[in-house]
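upload-v3.cif (mmCIF, C-alpha atoms and all ligand atoms)
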data_target
loop_
_atom_site.label_atom_id
_atom_site.label_comp_id
_atom_site.auth_asym_id
_atom_site.auth_seq_id
_atom_site.Cartn_x
_atom_site.Cartn_y
_atom_site.Cartn_z
CA MET A 17 82.73 102.80 64.12
CA TYR A 18 81.11 100.92 66.95
CA LYS A 19 79.46 101.79 70.24
CA ALA A 20 81.24 101.28 73.55
CA LYS A 21 80.03 101.65 77.12
CA ALA A 22 81.71 104.33 79.21
CA TYR A 23 81.40 106.55 82.26
CA SER A 24 81.51 110.21 81.33
CA ALA A 25 81.09 113.63 82.92
CA ALA A 26 78.72 116.05 81.18
CA SER A 27 80.17 119.17 82.84
CA ALA A 28 82.68 120.28 85.46
CA THR A 29 80.05 119.92 88.15
CA SER A 30 78.31 116.71 86.97
CA PRO A 31 79.04 113.32 88.47
CA LEU A 32 80.38 110.64 86.17
CA ALA A 33 77.51 108.62 84.72
CA SER A 34 76.91 105.70 82.41
CA SER A 35 76.91 106.60 78.71
CA THR A 36 77.66 105.33 75.22
CA ILE A 37 80.57 106.54 73.08
CA SER A 38 81.86 105.82 69.57
CA ARG A 39 85.16 104.04 69.01
CA ARG A 40 86.81 103.48 65.63
CA ASP A 41 86.94 100.02 64.11
CA PRO A 42 90.54 98.78 64.30
CA THR A 43 92.57 99.83 61.25
CA GLU A 44 95.70 98.03 59.97
CA GLN A 45 98.00 99.04 62.84
CA ASP A 46 95.38 99.00 65.59
CA VAL A 47 94.87 96.81 68.61
CA GLN A 48 91.39 96.56 70.11
CA MET A 49 91.20 95.63 73.77
CA GLU A 50 88.51 94.69 76.20
CA ILE A 51 89.45 96.82 79.22
CA LEU A 52 89.90 94.73 82.38
CA PHE A 53 91.10 97.37 84.86
CA CYS A 54 91.58 101.11 84.81
CA GLY A 55 93.27 103.03 87.62
CA ILE A 56 91.91 106.33 88.94
CA CYS A 57 94.56 109.04 88.69
CA HIS A 58 94.10 112.37 90.45
CA SER A 59 94.61 113.89 86.98
CA ASP A 60 91.26 112.33 86.00
CA LEU A 61 89.63 114.36 88.76
CA HIS A 62 91.49 117.60 87.84
CA GLN A 63 90.44 117.13 84.21
CA VAL A 64 86.82 116.16 84.85
CA ARG A 65 86.37 119.20 87.10
CA ASN A 66 88.16 121.47 84.61
CA GLU A 67 90.80 122.46 87.19
CA TRP A 68 93.42 122.73 84.43
CA ARG A 69 91.23 125.07 82.36
CA GLU A 70 94.14 127.43 81.66
CA VAL A 71 96.39 124.79 80.12
CA MET A 72 94.08 121.99 78.97
CA PRO A 73 90.42 123.05 79.09
CA THR A 74 88.08 120.09 79.34
CA VAL A 75 85.78 119.21 76.45
CA TYR A 76 82.54 117.54 77.55
CA PRO A 77 81.43 114.85 77.67
CA CYS A 78 84.72 113.74 79.20
CA VAL A 79 85.67 110.06 79.61
CA PRO A 80 88.83 109.97 81.75
CA GLY A 81 91.17 107.05 82.47
CA HIS A 82 94.79 106.51 81.37
CA GLU A 83 95.91 103.53 83.45
CA ILE A 84 94.54 100.77 81.28
CA VAL A 85 95.13 97.02 81.23
CA GLY A 86 93.08 94.95 78.80
CA ARG A 87 92.77 91.75 76.84
CA VAL A 88 93.34 92.00 73.09
CA THR A 89 90.13 91.15 71.21
CA LYS A 90 91.05 92.13 67.65
CA VAL A 91 94.19 93.20 65.75
CA GLY A 92 94.65 94.93 62.38
CA SER A 93 96.41 93.11 59.52
CA GLY A 94 99.69 94.98 60.15
CA VAL A 95 99.89 94.25 63.86
CA THR A 96 102.92 92.16 64.84
CA LYS A 97 103.31 93.10 68.50
CA PHE A 98 100.09 91.51 69.81
CA LYS A 99 97.71 88.69 69.05
CA VAL A 100 94.16 88.09 70.19
CA GLY A 101 94.10 86.96 73.84
CA ASP A 102 97.30 88.81 74.86
CA LEU A 103 97.33 91.26 77.75
CA GLY A 104 98.07 94.81 76.68
CA ALA A 105 98.37 98.13 78.48
CA VAL A 106 97.83 101.75 77.51
CA GLY A 107 98.94 104.82 79.43
CA CYS A 108 98.58 108.55 78.86
CA VAL A 109 99.64 108.77 75.19
CA VAL A 110 97.82 107.09 72.28
CA ASP A 111 99.50 108.78 69.31
CA SER A 112 102.34 111.11 68.27
CA ASP A 113 103.91 112.20 64.96
CA ARG A 114 106.68 109.56 65.28
CA THR A 115 109.08 111.73 63.21
CA CYS A 116 110.15 114.62 65.45
CA PRO A 117 113.44 114.42 67.39
CA GLU A 118 111.54 113.68 70.63
CA CYS A 119 109.71 110.72 69.09
CA GLN A 120 112.91 109.46 67.52
CA ALA A 121 114.54 109.58 70.94
CA GLY A 122 111.64 107.54 72.39
CA LEU A 123 110.41 110.57 74.35
CA GLU A 124 106.88 110.76 72.94
CA GLN A 125 105.73 112.64 76.05
CA PHE A 126 107.48 115.73 74.62
CA CYS A 127 106.23 115.37 71.03
CA PRO A 128 104.62 118.65 69.89
CA ASN A 129 101.98 116.59 68.07
CA LEU A 130 101.13 114.00 70.67
CA THR A 131 97.61 112.75 71.37
CA LEU A 132 96.76 112.10 74.99
CA THR A 133 94.44 109.24 75.86
CA TYR A 134 91.53 111.53 76.76
CA ASN A 135 90.43 115.11 76.16
CA PHE A 136 92.70 115.53 73.11
CA PRO A 137 91.64 116.02 69.45
CA ASP A 138 90.84 112.58 68.00
CA LYS A 139 92.48 112.38 64.57
CA HIS A 140 90.33 109.44 63.50
CA LEU A 141 86.80 110.33 64.54
CA GLY A 142 86.98 114.07 65.22
CA GLY A 143 85.89 115.34 68.63
CA VAL A 144 88.15 114.33 71.50
CA THR A 145 89.73 111.10 72.62
CA TYR A 146 87.96 109.04 75.28
CA GLY A 147 89.87 107.26 78.02
CA GLY A 148 89.75 104.03 79.94
CA TYR A 149 86.56 104.31 82.03
CA SER A 150 85.07 102.21 79.25
CA ASP A 151 84.59 98.58 78.26
CA SER A 152 86.96 98.73 75.27
CA ILE A 153 89.54 100.87 73.47
CA VAL A 154 91.31 100.91 70.10
CA VAL A 155 94.95 102.06 70.00
CA ASP A 156 97.81 101.90 67.51
CA GLN A 157 100.12 99.01 68.44
CA ARG A 158 103.07 101.38 68.90
CA PHE A 159 101.30 102.88 71.92
CA VAL A 160 100.34 99.58 73.53
CA VAL A 161 102.84 97.93 75.89
CA HIS A 162 103.24 94.42 77.29
CA VAL A 163 102.50 93.57 80.92
CA PRO A 164 104.81 90.96 82.52
CA ALA A 165 102.84 87.78 83.21
CA ASN A 166 103.68 87.69 86.95
CA LEU A 167 101.96 91.02 87.67
CA SER A 168 98.27 91.16 88.59
CA PRO A 169 96.30 93.15 85.99
CA ALA A 170 94.49 95.20 88.68
CA GLY A 171 97.76 96.21 90.38
CA ALA A 172 99.60 96.71 87.08
CA ALA A 173 97.09 99.20 85.65
CA PRO A 174 98.32 102.14 87.82
CA LEU A 175 101.88 101.55 86.60
CA LEU A 176 100.82 103.09 83.29
CA CYS A 177 100.64 106.57 84.82
CA ALA A 178 101.54 106.59 88.52
CA GLY A 179 104.34 104.10 87.79
CA ILE A 180 106.01 105.72 84.81
CA THR A 181 105.54 109.26 86.17
CA THR A 182 107.61 108.42 89.24
CA TYR A 183 110.06 105.96 87.64
CA SER A 184 111.09 108.31 84.83
CA PRO A 185 112.33 111.26 86.93
CA MET A 186 114.07 108.90 89.36
CA ARG A 187 116.03 107.45 86.47
CA HIS A 188 116.66 110.86 84.93
CA TRP A 189 118.00 112.38 88.17
CA GLY A 190 120.05 109.30 89.01
CA VAL A 191 118.29 107.90 92.07
CA THR A 192 120.46 105.04 93.22
CA LYS A 193 122.25 103.51 96.21
CA GLY A 194 123.91 106.15 98.37
CA LYS A 195 121.38 108.90 97.54
CA LYS A 196 118.97 110.41 100.03
CA VAL A 197 115.59 110.71 98.36
CA GLY A 198 112.36 112.29 99.58
CA VAL A 199 108.85 111.54 98.39
CA VAL A 200 106.18 114.12 99.24
CA GLY A 201 102.53 112.97 99.38
CA LEU A 202 101.73 109.31 99.92
CA GLY A 203 98.99 108.91 97.32
CA GLY A 204 98.89 107.02 94.05
CA LEU A 205 102.05 108.55 92.62
CA GLY A 206 103.83 108.88 95.95
CA HIS A 207 103.48 105.24 96.94
CA MET A 208 104.91 104.16 93.60
CA GLY A 209 107.75 106.66 94.08
CA VAL A 210 108.57 105.04 97.42
CA LYS A 211 108.59 101.55 95.90
CA PHE A 212 110.88 102.62 93.04
CA ALA A 213 113.30 104.68 95.16
CA HIS A 214 113.59 101.74 97.55
CA ALA A 215 114.10 99.21 94.74
CA LEU A 216 116.78 101.48 93.23
CA GLY A 217 118.65 101.34 96.55
CA ALA A 218 118.20 104.90 97.83
CA HIS A 219 117.62 105.98 101.44
CA VAL A 220 113.95 106.97 101.26
CA VAL A 221 112.13 109.53 103.40
CA VAL A 222 108.38 109.99 103.04
CA PHE A 223 106.75 113.35 103.79
CA THR A 224 103.08 113.04 104.59
CA THR A 225 100.30 115.16 106.04
CA SER A 226 98.56 111.96 107.22
CA PRO A 227 100.14 110.55 110.41
CA ASN A 228 98.02 107.41 109.99
CA LYS A 229 100.02 106.49 106.86
CA LYS A 230 103.31 106.12 108.78
CA ASP A 231 103.28 102.34 109.10
CA ASP A 232 102.28 101.91 105.48
CA ALA A 233 105.09 104.19 104.35
CA ILE A 234 107.62 101.91 106.06
CA ARG A 235 105.97 98.79 104.66
CA LEU A 236 106.11 100.30 101.17
CA GLY A 237 109.87 100.81 101.48
CA ALA A 238 110.52 104.08 103.32
CA ASP A 239 113.46 104.24 105.73
CA GLU A 240 112.00 107.26 107.57
CA VAL A 241 108.68 109.07 107.69
CA VAL A 242 108.19 112.76 108.43
CA VAL A 243 104.85 114.34 109.24
CA SER A 244 105.31 117.48 107.19
CA ARG A 245 103.12 119.65 109.40
CA ASN A 246 105.66 119.17 112.22
CA ALA A 247 108.31 121.90 111.75
CA ASN A 248 110.78 120.23 114.15
CA GLU A 249 110.71 116.97 112.25
CA MET A 250 111.24 118.87 108.99
CA GLN A 251 114.15 120.89 110.38
CA LYS A 252 116.07 117.71 111.27
CA HIS A 253 116.45 117.03 107.53
CA ALA A 254 117.59 120.54 106.48
CA SER A 255 120.07 120.65 103.57
CA SER A 256 120.40 116.88 103.33
CA PHE A 257 118.53 115.56 100.28
CA ASP A 258 119.90 114.78 96.84
CA PHE A 259 116.46 114.52 95.27
CA ILE A 260 112.87 115.10 96.34
CA LEU A 261 109.88 113.99 94.29
CA ASP A 262 106.84 116.16 95.02
CA ALA A 263 103.62 114.29 94.20
CA VAL A 264 101.11 116.54 95.95
CA SER A 265 97.83 117.28 94.18
CA ALA A 266 96.89 120.47 96.05
CA ASP A 267 98.34 123.82 97.07
CA HIS A 268 101.28 123.47 99.53
CA ASP A 269 104.54 125.14 100.55
CA ILE A 270 107.24 124.08 98.13
CA ASN A 271 109.87 126.21 99.91
CA ALA A 272 109.80 123.87 102.88
CA TYR A 273 111.17 121.17 100.56
CA LEU A 274 113.68 123.33 98.67
CA ASN A 275 115.26 124.06 102.05
CA LEU A 276 115.78 120.34 102.63
CA LEU A 277 118.00 119.96 99.56
CA ARG A 278 121.76 119.78 99.83
CA ARG A 279 123.96 121.70 97.40
CA ASP A 280 122.92 121.07 93.79
CA GLY A 281 119.94 118.99 94.86
CA THR A 282 116.66 118.90 92.94
CA VAL A 283 113.01 119.06 93.86
CA CYS A 284 111.06 117.55 90.98
CA LEU A 285 107.36 118.32 90.73
CA VAL A 286 105.18 115.59 89.37
CA GLY A 287 102.07 116.82 91.17
CA ALA A 288 100.03 119.30 89.14
CA PRO A 289 97.96 121.44 91.53
CA GLU A 290 95.36 123.79 90.12
CA LYS A 291 97.03 126.97 91.42
CA PRO A 292 100.66 128.20 90.92
CA LEU A 293 103.13 127.55 93.73
CA GLY A 294 105.06 130.46 95.28
CA VAL A 295 108.85 130.01 95.21
CA ALA A 296 111.15 132.03 97.47
CA ALA A 297 114.32 132.99 95.57
CA PHE A 298 116.69 132.32 98.44
CA GLY A 299 115.61 128.72 98.77
CA LEU A 300 117.08 128.23 95.30
CA LEU A 301 120.07 130.58 95.49
CA PHE A 302 121.46 129.15 98.69
CA GLY A 303 122.79 125.78 97.72
CA ARG A 304 122.40 126.30 93.93
CA ARG A 305 119.27 124.19 94.15
CA SER A 306 116.95 123.26 91.29
CA LEU A 307 113.19 123.11 91.02
CA ALA A 308 112.20 120.88 88.12
CA GLY A 309 109.20 119.03 86.73
CA SER A 310 108.57 115.86 84.80
CA PRO A 311 105.58 114.57 82.80
CA ILE A 312 104.76 110.85 82.46
CA GLY A 313 107.33 109.01 80.25
CA GLY A 314 107.93 107.69 76.73
CA LEU A 315 106.91 104.30 75.37
CA LYS A 316 110.39 102.78 75.56
CA GLU A 317 110.83 103.76 79.20
CA THR A 318 107.28 102.66 80.03
CA GLN A 319 108.07 99.17 78.75
CA GLU A 320 111.40 99.25 80.63
CA MET A 321 109.58 100.27 83.83
CA LEU A 322 107.12 97.39 83.41
CA GLU A 323 110.03 94.93 82.99
CA PHE A 324 111.65 96.41 86.12
CA CYS A 325 108.35 95.85 87.97
CA GLY A 326 108.16 92.30 86.63
CA LYS A 327 111.68 91.51 87.88
CA ASN A 328 111.17 93.16 91.28
CA ASN A 329 107.56 92.07 91.73
CA ILE A 330 106.31 95.63 91.97
CA THR A 331 102.67 96.57 91.50
CA SER A 332 100.49 99.30 92.89
CA ASP A 333 98.64 98.69 96.18
CA VAL A 334 95.09 98.88 94.90
CA GLU A 335 91.58 99.06 96.24
CA ILE A 336 89.48 97.43 93.53
CA ILE A 337 86.13 99.13 93.02
CA PRO A 338 83.19 98.74 90.64
CA ILE A 339 82.70 101.67 88.25
CA GLN A 340 79.48 102.55 90.07
CA LYS A 341 81.65 103.74 92.99
CA VAL A 342 83.74 106.14 90.92
CA ASN A 343 82.15 109.36 92.21
CA GLU A 344 82.60 108.23 95.80
CA ALA A 345 86.24 107.38 95.00
CA TYR A 346 86.81 110.94 93.73
CA GLU A 347 85.52 112.36 97.03
CA ARG A 348 87.86 110.06 98.91
CA LEU A 349 90.82 111.16 96.75
CA LEU A 350 90.15 114.73 97.89
CA LYS A 351 90.42 113.58 101.49
CA SER A 352 93.72 111.74 100.85
CA ASP A 353 91.77 108.60 101.71
CA VAL A 354 93.10 106.03 99.27
CA LYS A 355 95.42 103.11 99.91
CA TYR A 356 96.95 103.72 97.52
CA ARG A 357 95.20 103.62 94.16
CA PHE A 358 91.66 102.85 93.11
CA SER A 359 91.57 100.31 90.28
CA ILE A 360 88.21 99.97 88.53
CA ASP A 361 87.13 96.43 87.73
CA MET A 362 85.59 97.00 84.32
CA ALA A 363 83.51 93.83 84.51
CA SER A 364 81.18 96.04 86.57
CA LEU A 365 80.55 98.22 83.52
CA ARG A 366 79.91 95.28 81.21
CA SER A 367 77.13 94.03 83.47
CA GLU A 368 75.37 97.43 83.50
N1 LIG A 401 103.55 114.78 86.11
C1 LIG A 401 102.69 113.96 85.56
O1 LIG A 401 102.85 113.52 84.43
C2 LIG A 401 101.52 113.49 86.37
C3 LIG A 401 101.00 112.22 86.18
C4 LIG A 401 99.99 111.79 87.01
C5 LIG A 401 99.49 112.60 88.00
N2 LIG A 401 99.99 113.86 88.14
C6 LIG A 401 99.54 114.74 89.21
O2 LIG A 401 100.16 114.32 90.43
C7 LIG A 401 99.34 114.70 91.53
C8 LIG A 401 99.16 113.49 92.44
O3 LIG A 401 98.37 112.52 91.77
P1 LIG A 401 97.90 111.21 92.53
O4 LIG A 401 97.03 110.48 91.57
O5 LIG A 401 99.04 110.55 93.16
O6 LIG A 401 96.97 111.86 93.68
P2 LIG A 401 96.49 111.26 95.08
O7 LIG A 401 96.48 109.78 95.03
O8 LIG A 401 95.25 112.01 95.40
O9 LIG A 401 97.68 111.68 96.10
C9 LIG A 401 97.96 113.00 96.42
C10 LIG A 401 98.57 113.05 97.81
O10 LIG A 401 99.00 114.39 98.06
C11 LIG A 401 98.91 114.66 99.46
N3 LIG A 401 98.09 115.86 99.64
C12 LIG A 401 96.81 116.06 99.23
N4 LIG A 401 96.38 117.28 99.56
C13 LIG A 401 97.42 117.88 100.18
C14 LIG A 401 97.62 119.18 100.75
N5 LIG A 401 96.65 120.11 100.73
N6 LIG A 401 98.84 119.48 101.29
C15 LIG A 401 99.82 118.56 101.30
N7 LIG A 401 99.68 117.32 100.80
C16 LIG A 401 98.51 116.99 100.25
C17 LIG A 401 98.25 113.45 100.11
O11 LIG A 401 99.29 112.64 100.65
P3 LIG A 401 99.53 112.55 102.27
O12 LIG A 401 98.24 112.03 102.83
O13 LIG A 401 100.66 111.61 102.36
O14 LIG A 401 99.89 113.94 102.71
C18 LIG A 401 97.61 112.75 98.93
O15 LIG A 401 97.44 111.37 99.18
C19 LIG A 401 98.04 115.23 90.93
O16 LIG A 401 98.10 116.64 90.89
C20 LIG A 401 98.07 114.68 89.52
O17 LIG A 401 97.32 115.41 88.60
C21 LIG A 401 101.00 114.32 87.35
ZN ZN A 402 97.64 110.01 85.53
ZN ZN A 403 106.95 113.55 67.74
#
Take the structure I supplied and represent it as structure tokens, if you would.
Ligand SMILES: NC(=O)c1ccc[n+]([C@@H]2O[C@H](COP(=O)([O-])OP(=O)(O)OC[C@H]3O[C@@H](n4cnc5c(N)ncnc54)[C@H](OP(=O)(O)O)[C@@H]3O)[C@@H](O)[C@H]2O)c1
Ligand SMILES: [Zn+2]
Ligand SMILES: [Zn+2]
Amino acid sequence: MYKAKAYSAASATSPLASSTISRRDPTEQDVQMEILFCGICHSDLHQVRNEWREVMPTVYPCVPGHEIVGRVTKVGSGVTKFKVGDLGAVGCVVDSDRTCPECQAGLEQFCPNLTLTYNFPDKHLGGVTYGGYSDSIVVDQRFVVHVPANLSPAGAAPLLCAGITTYSPMRHWGVTKGKKVGVVGLGGLGHMGVKFAHALGAHVVVFTTSPNKKDDAIRLGADEVVVSRNANEMQKHASSFDFILDAVSADHDINAYLNLLRRDGTVCLVGAPEKPLGVAAFGLLFGRRSLAGSPIGGLKETQEMLEFCGKNNITSDVEIIPIQKVNEAYERLLKSDVKYRFSIDMASLRSE
């Protein structure tokens, strides 16, 4: 065991603050990394503030962070995938049973025995796992992926959650040329959704509550932008979408989007608001529409997504911040004031 620096929350109402945590010494299959950048996902905020108490109650202290890019500093004797000095990346999952049908299919996100990167029982040290708001991390090589050399580490970090969470459902529901695709909420996930839908050749429409994001939406790859609070603009798109990705972090009217689907279309939730959403039956019945959801993605698809980003030069648009600004960044997330992901430069923690 060794001591690592981290930012942790002591309770649902405490700000994140500097602290020390224990990490395991790398075992045979482990990769130890010095963390270079960690993205700030809205899930970090939900978890720190215990907004998901009914499904995943938060254990304190809580060290969030699951969009991690780091430099390998040590490898166990059985590690073949990485050597010291390589770049490595870790997303939302750091372990699974590897034997269940889901794991065998490369869909670790559905493993009944998975270990998430933070706030999950730590099988090595007891207590819970601690995430990437830290100067280092130790993870089994199977759960560490390679970052293409042409991508900037700061902009690549958010691919590990915002990237895979939007790429995976787009692949699953067949987003491609000739499809009309909506993306709701131009935040961290949403802006990656726009980049992927555009790169996959779809006609992309962004739905935003922030009129000041219109130009950015087009620059990111949208063909059209709709201010969702404008009923007339919404009505113009009635019954026309094949697929809509809903990446909104707060309570909102999902029926408005179900009504925009054509026959057999799908609204896929990736956003995970604190409170349940109300669904009107007729929005689904008329048009045989589907409301679906999708969590993150498996290791195989995460590596595939990173290769796709390497080939298409896709990274997240990031605002790089020092860790000391993390609490301020959370307040800005709540105001939809992020363009379009905060990426923490972890050198700022090392110098603390
Ligand atoms: N499924 C998964 O595996 C998974 C993975 C990661 C994150 N998530 C969840 O996905 C959600 C989004 O995460 P994120 O990191 O992208 O968050 P984010 O960067 O804060 O973006 C959320 C966006 O939602 C829109 N929005 C916020 N409040 C709204 C409201 N009251 N009504 C309508 N729109 C609103 C805003 O976009 P506009 O300004 O454009 O309206 C905002 O930028 C969170 O709930 C997060 O926990 C799920
Ligand atoms: Zn996330
Ligand atoms: Zn499994």
- Item | Surrounding residues of A:Ala233 excluding itself and chain neighbours under 2 positions, 9 Å, all atoms listed in the file, as a PyMOL selection string | chain A and resi 202+207+210+221-222+229-231+235-241
- Task: Counting all atoms listed in the file, name the residues that have an atom within 8 Å of an atom of ligand ZN 402 (chain A); the answer should be given as number ranges by chain.
- Result: A: 56-60, 81-83, 108, 176-178, 181, 312
- Task: Please identify all polymer residues within 9 Å of A:Gly147, counting all atoms listed in the file, omitting same-chain residues fewer than 3 positions from it, and present them as an MDAnalysis selection string.
- Result: chainID A and resid 22 78:84 108 132:135 150 153
Edge lengths and centre, in Å to one decimal, as JSON: that's what I need for the box along x, y and z that holds all listed atoms of stretch 359-366 of chain A plus 5 Å on each side.
{"center_x": 85.7, "center_y": 97.1, "center_z": 85.7, "size_x": 21.7, "size_y": 16.5, "size_z": 19.1}
- Have a look at atom CA of A:Gly201 and atom CA of A:Thr282 and let me know their distance in Å, one decimal.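 Computing it gives 16.6 Å between the two atoms.
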Using all atoms listed in the file, which protein or nucleic acid residues come within 12 Å of A:Val106? Drop anything in the same chain fewer than 6 positions from it, and give the result as a PDB file with C-alpha atoms, in the coordinates of the input.
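That gives us out_0.pdb:
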ATOM      1  CA  VAL A  47      94.870  96.810  68.610  1.00  0.00           C
ATOM      2  CA  GLN A  48      91.390  96.560  70.110  1.00  0.00           C
ATOM      3  CA  MET A  49      91.200  95.630  73.770  1.00  0.00           C
ATOM      4  CA  GLU A  50      88.510  94.690  76.200  1.00  0.00           C
ATOM      5  CA  ILE A  51      89.450  96.820  79.220  1.00  0.00           C
ATOM      6  CA  LEU A  52      89.900  94.730  82.380  1.00  0.00           C
ATOM      7  CA  PHE A  53      91.100  97.370  84.860  1.00  0.00           C
ATOM      8  CA  CYS A  54      91.580 101.110  84.810  1.00  0.00           C
ATOM      9  CA  GLY A  55      93.270 103.030  87.620  1.00  0.00           C
ATOM     10  CA  GLY A  81      91.170 107.050  82.470  1.00  0.00           C
ATOM     11  CA  HIS A  82      94.790 106.510  81.370  1.00  0.00           C
ATOM     12  CA  GLU A  83      95.910 103.530  83.450  1.00  0.00           C
ATOM     13  CA  ILE A  84      94.540 100.770  81.280  1.00  0.00           C
ATOM     14  CA  VAL A  85      95.130  97.020  81.230  1.00  0.00           C
ATOM     15  CA  GLY A  86      93.080  94.950  78.800  1.00  0.00           C
ATOM     16  CA  ARG A  87      92.770  91.750  76.840  1.00  0.00           C
ATOM     17  CA  VAL A  88      93.340  92.000  73.090  1.00  0.00           C
ATOM     18  CA  LEU A 132      96.760 112.100  74.990  1.00  0.00           C
ATOM     19  CA  THR A 133      94.440 109.240  75.860  1.00  0.00           C
ATOM     20  CA  TYR A 134      91.530 111.530  76.760  1.00  0.00           C
ATOM     21  CA  GLY A 147      89.870 107.260  78.020  1.00  0.00           C
ATOM     22  CA  GLY A 148      89.750 104.030  79.940  1.00  0.00           C
ATOM     23  CA  SER A 152      86.960  98.730  75.270  1.00  0.00           C
ATOM     24  CA  ILE A 153      89.540 100.870  73.470  1.00  0.00           C
ATOM     25  CA  VAL A 154      91.310 100.910  70.100  1.00  0.00           C
ATOM     26  CA  VAL A 155      94.950 102.060  70.000  1.00  0.00           C
ATOM     27  CA  ASP A 156      97.810 101.900  67.510  1.00  0.00           C
ATOM     28  CA  GLN A 157     100.120  99.010  68.440  1.00  0.00           C
ATOM     29  CA  ARG A 158     103.070 101.380  68.900  1.00  0.00           C
ATOM     30  CA  PHE A 159     101.300 102.880  71.920  1.00  0.00           C
ATOM     31  CA  VAL A 160     100.340  99.580  73.530  1.00  0.00           C
ATOM     32  CA  VAL A 161     102.840  97.930  75.890  1.00  0.00           C
ATOM     33  CA  HIS A 162     103.240  94.420  77.290  1.00  0.00           C
ATOM     34  CA  VAL A 163     102.500  93.570  80.920  1.00  0.00           C
ATOM     35  CA  ALA A 172      99.600  96.710  87.080  1.00  0.00           C
ATOM     36  CA  ALA A 173      97.090  99.200  85.650  1.00  0.00           C
ATOM     37  CA  PRO A 174      98.320 102.140  87.820  1.00  0.00           C
ATOM     38  CA  LEU A 175     101.880 101.550  86.600  1.00  0.00           C
ATOM     39  CA  LEU A 176     100.820 103.090  83.290  1.00  0.00           C
ATOM     40  CA  CYS A 177     100.640 106.570  84.820  1.00  0.00           C
ATOM     41  CA  ILE A 180     106.010 105.720  84.810  1.00  0.00           C
ATOM     42  CA  GLY A 314     107.930 107.690  76.730  1.00  0.00           C
ATOM     43  CA  LEU A 315     106.910 104.300  75.370  1.00  0.00           C
ATOM     44  CA  THR A 318     107.280 102.660  80.030  1.00  0.00           C
ATOM     45  CA  GLN A 319     108.070  99.170  78.750  1.00  0.00           C
ATOM     46  CA  LEU A 322     107.120  97.390  83.410  1.00  0.00           C
TER      47      LEU A 322
END
- Write out as a list in words which residues come within 9 Å of stretch 71-77 of chain A when counting only C-alpha atoms, dropping same-chain ones fewer than 5 positions away. Ser24, Ala25, Ala26, Ser27, Ala28, Gln63, Val64, Arg65, Asn66, Asn135, Phe136, Gly143 and Val144 of chain A
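Among the candidates A:Gly294, A:Gly107, A:Gly142, A:Pro311, the residue lying nearest to ligand LIG 401 (chain A) is A:Pro311 (atoms considered: all atoms listed in the file).
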- Message: Hey, which residues sit close to ligand ZN 403 (chain A)? Say within 10 Å, counting all atoms listed in the file, and write them as a list in words.
- Response: Asp111, Ser112, Asp113, Arg114, Thr115, Cys116, Pro117, Glu118, Cys119, Gln120, Ala121, Gly122, Leu123, Glu124, Gln125, Phe126, Cys127, Pro128, Asn129 and Leu130 of chain A
- Message: Using all atoms listed in the file, list the residues that have an atom at most 12 Å from (113.6, 107.0, 86.6), coordinates as in the file, as an NGL selection string.
- Response: :A and (179-192 or 208-209 or 211-213 or 215-216 or 259 or 261 or 284 or 310-314 or 317-318 or 320-321 or 324)
- Query: What is the distance between atom CA of A:Gly309 and atom CA of A:Val286, in Å to one decimal?
  - Reply: 5.9 Å
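Distance-wise, atom CA of A:Val95 and atom CA of A:Val110 end up 15.5 Å apart.
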- Between A:Arg278, A:Lys351, A:Lys316, A:Arg304, which one has atoms that come closest to ligand LIG 401 (chain A), using all atoms listed in the file? A:Lys351
- Task: Using all atoms listed in the file, pick whichever of A:Ala272, A:Ala263, A:Thr145, A:Val100 has the shortest atom-to-atom distance to A:Asn248.
- Result: A:Ala272
- Task: Do a neighbour search on A:Asp353 at 10 Å with all atoms listed in the file, toss out local chain neighbours closer than 6 positions, and write the hits as a list in words.
- Result: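 Contacts, with the query itself left out: Gly203, Ser226, Lys229, Ala345, Tyr346 and Glu347 of chain A.
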Take the selection from the previous step and output its residues with C-alpha atoms, as a PDB file, in the coordinates of the input.
ATOM      1  CA  GLY A 203      98.990 108.910  97.320  1.00  0.00           C
ATOM      2  CA  SER A 226      98.560 111.960 107.220  1.00  0.00           C
ATOM      3  CA  LYS A 229     100.020 106.490 106.860  1.00  0.00           C
ATOM      4  CA  ALA A 345      86.240 107.380  95.000  1.00  0.00           C
ATOM      5  CA  TYR A 346      86.810 110.940  93.730  1.00  0.00           C
ATOM      6  CA  GLU A 347      85.520 112.360  97.030  1.00  0.00           C
TER       7      GLU A 347
END
- Item | Residue nearest A:Ala288 among A:Val264, A:Val334, A:Ile270, A:Cys325 (counting all atoms listed in the file) | A:Val264
